[in-house]
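Engineer: Sending over a structure as structure tokens; questions will come in a sec.
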Amino acid sequence: MIVINTPNNPTGKVFPREELRHISDICVRHNLLLLSDEVYDRLSYVPFTRVAILGPDVQQRTISIGSEAAAAAYEQSLYNGFWSQTRTLLREKMIRLCQVFQKLDLPYTIPEGGYFILVNLAKVQIPRVYRIPPHIRDRRRDFLLARFLIMELGVAAIPANEFYSPEHPCLGENYLRFAVCQDDEILDLAKARLRRLQLYLTA
Ligand SMILES: Cc1ncc(COP(=O)(O)O)c(C=O)c1O
């Protein structure tokens with residue numbers, strides 16, 4: 001079985017049709033199932049392709065996953081423009097939050113779908129004096145960064161390694177995932193707090 005997630009959490013990638021075509025070709029050639037997690041399908045800012053529609057041979061072997069939470073909104077949303085309004089709102093919120101990462105000169109992703117921003121915090125130096133309890137001393141840098149942000153700034157983000165398999169921990173260690181699905185007042189408060197990261201940036 002091959003498992004994909006599009007739009008992707010946490011990267012925000014939306015798999016283009018050609019890539020889905022390649023992946024599904026592999027599944028057909030090797031007689032594999034394709035599990036496609038599409039819970040953010042309505043929150044795509046670029047053309048979204050449902051892999052199962054690429055042909056009968058793909059459809060037969062594809063399991064498409066939707067979200068129960070999203071399903072509850074579908075009936076209403078058909079009539080009142082809920083999803084297009086939500087997409088517009090979320091994009092505004094992304095721009096709003098990312099202003100602070102721009103100011104801090106921290107690289108960040110602009111997602112093609114979903115409402116998560118991945119930020120590269122390689123330049124943030126966690127102060128040496130910062131006490132790390134023994135039970136988390138072995139955790140990777142992204143976990144310690146997340147803890148540092150919660151304790152020092154009062155901002156919660158998710159360590160990227162939660163999304164990587166244990167064999168590839170170094171890939172996520174400088175990244176945190178921020179969710180923008182918050183009230184604007186909360187985002188503004190988070191931005192004000194995140195500005196204090198300036199004190200901990202290396203050149
Ligand atoms: C990629 C992905 N798949 C599935 C889920 C589960 O969605 P739900 O709990 O709305 O069914 C989530 C929730 O965060 C998700 O990010």
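Just remember, in the structure tokens the first chain shown is A, the second B, etc., residues are 1-based per chain, and ligands are 1-based in the order shown.
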Within 8 Å of ligand 1, counting only C-alpha atoms and all ligand atoms, which protein or nucleic acid residues do you find, written as an NGL selection string?

Structural biologist: :A and (5-10 or 37-40 or 65-70)

Engineer: Step one, run DSSP on the backbone; step two, keep only residues of range 50-109 of chain A assigned to helix (DSSP H, G or I); then write them as a PyMOL selection string.

Structural biologist: chain A and resi 51-54+56-61+68-80+82-103

Engineer: CA of Leu149 in chain A and CA of Ile110 in chain A are how many Å apart?

Structural biologist: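 Pair CA of Leu149 in chain A / CA of Ile110 in chain A returns 21.4 Å.
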
Engineer: For range 24-59 of chain A versus range 79-91 of chain A, which residues have an atom no more than 12 Å away, and what is each residue's nearest atom pair and distance in Å rounded to one decimal, using only C-alpha atoms, chain-then-number order, as JSON lines?

Structural biologist:
{"residue": "A:Tyr40", "atom": "CA", "partner": "A:Trp83", "partner_atom": "CA", "distance": 10.9}
{"residue": "A:Asp41", "atom": "CA", "partner": "A:Trp83", "partner_atom": "CA", "distance": 10.3}
{"residue": "A:Arg42", "atom": "CA", "partner": "A:Trp83", "partner_atom": "CA", "distance": 6.5}
{"residue": "A:Leu43", "atom": "CA", "partner": "A:Arg87", "partner_atom": "CA", "distance": 5.9}
{"residue": "A:Ser44", "atom": "CA", "partner": "A:Arg87", "partner_atom": "CA", "distance": 7.7}
{"residue": "A:Tyr45", "atom": "CA", "partner": "A:Arg87", "partner_atom": "CA", "distance": 7.3}
{"residue": "A:Val46", "atom": "CA", "partner": "A:Arg87", "partner_atom": "CA", "distance": 11.0}

Engineer: Cys27 in chain A: which residues within 9 Å, counting only C-alpha atoms, same-chain residues fewer than 3 positions away excluded, as a list in words?

Structural biologist: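 That gives Met1, Ile2, His22, Ile23, Ser24, His30, Asn31, Leu32, Leu33, Leu34, Val58 and Arg61 of chain A.
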
Engineer: If I take CA of Leu194 in chain A and CA of Met151 in chain A, how far is one from the other in Å, to one decimal?

Structural biologist: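 It comes out at 12.2 Å.
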
Engineer: Using DSSP secondary structure from the backbone, list all strand (DSSP E) positions within range 42-174 of chain A, as a JSON list (two decimals) with C-alpha atoms, in the first residue's frame.

Structural biologist:
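Ended up saving to states.json:
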[["chain", "number", "residue", "atom", "x", "y", "z"],
["A", 62, "THR", "CA", -7.94, 3.65, -4.05],
["A", 63, "ILE", "CA", -9.35, 4.33, -0.61],
["A", 64, "SER", "CA", -10.13, 8.07, -0.28],
["A", 65, "ILE", "CA", -10.40, 9.47, 3.23],
["A", 116, "PHE", "CA", -0.68, 25.28, 8.56],
["A", 117, "ILE", "CA", 2.54, 27.26, 8.20],
["A", 118, "LEU", "CA", 5.90, 25.51, 8.60],
["A", 119, "VAL", "CA", 8.57, 27.86, 9.89],
["A", 120, "ASN", "CA", 12.32, 27.23, 9.82],
["A", 158, "ILE", "CA", 3.78, 21.60, 16.83],
["A", 159, "PRO", "CA", 7.30, 20.08, 16.44]]
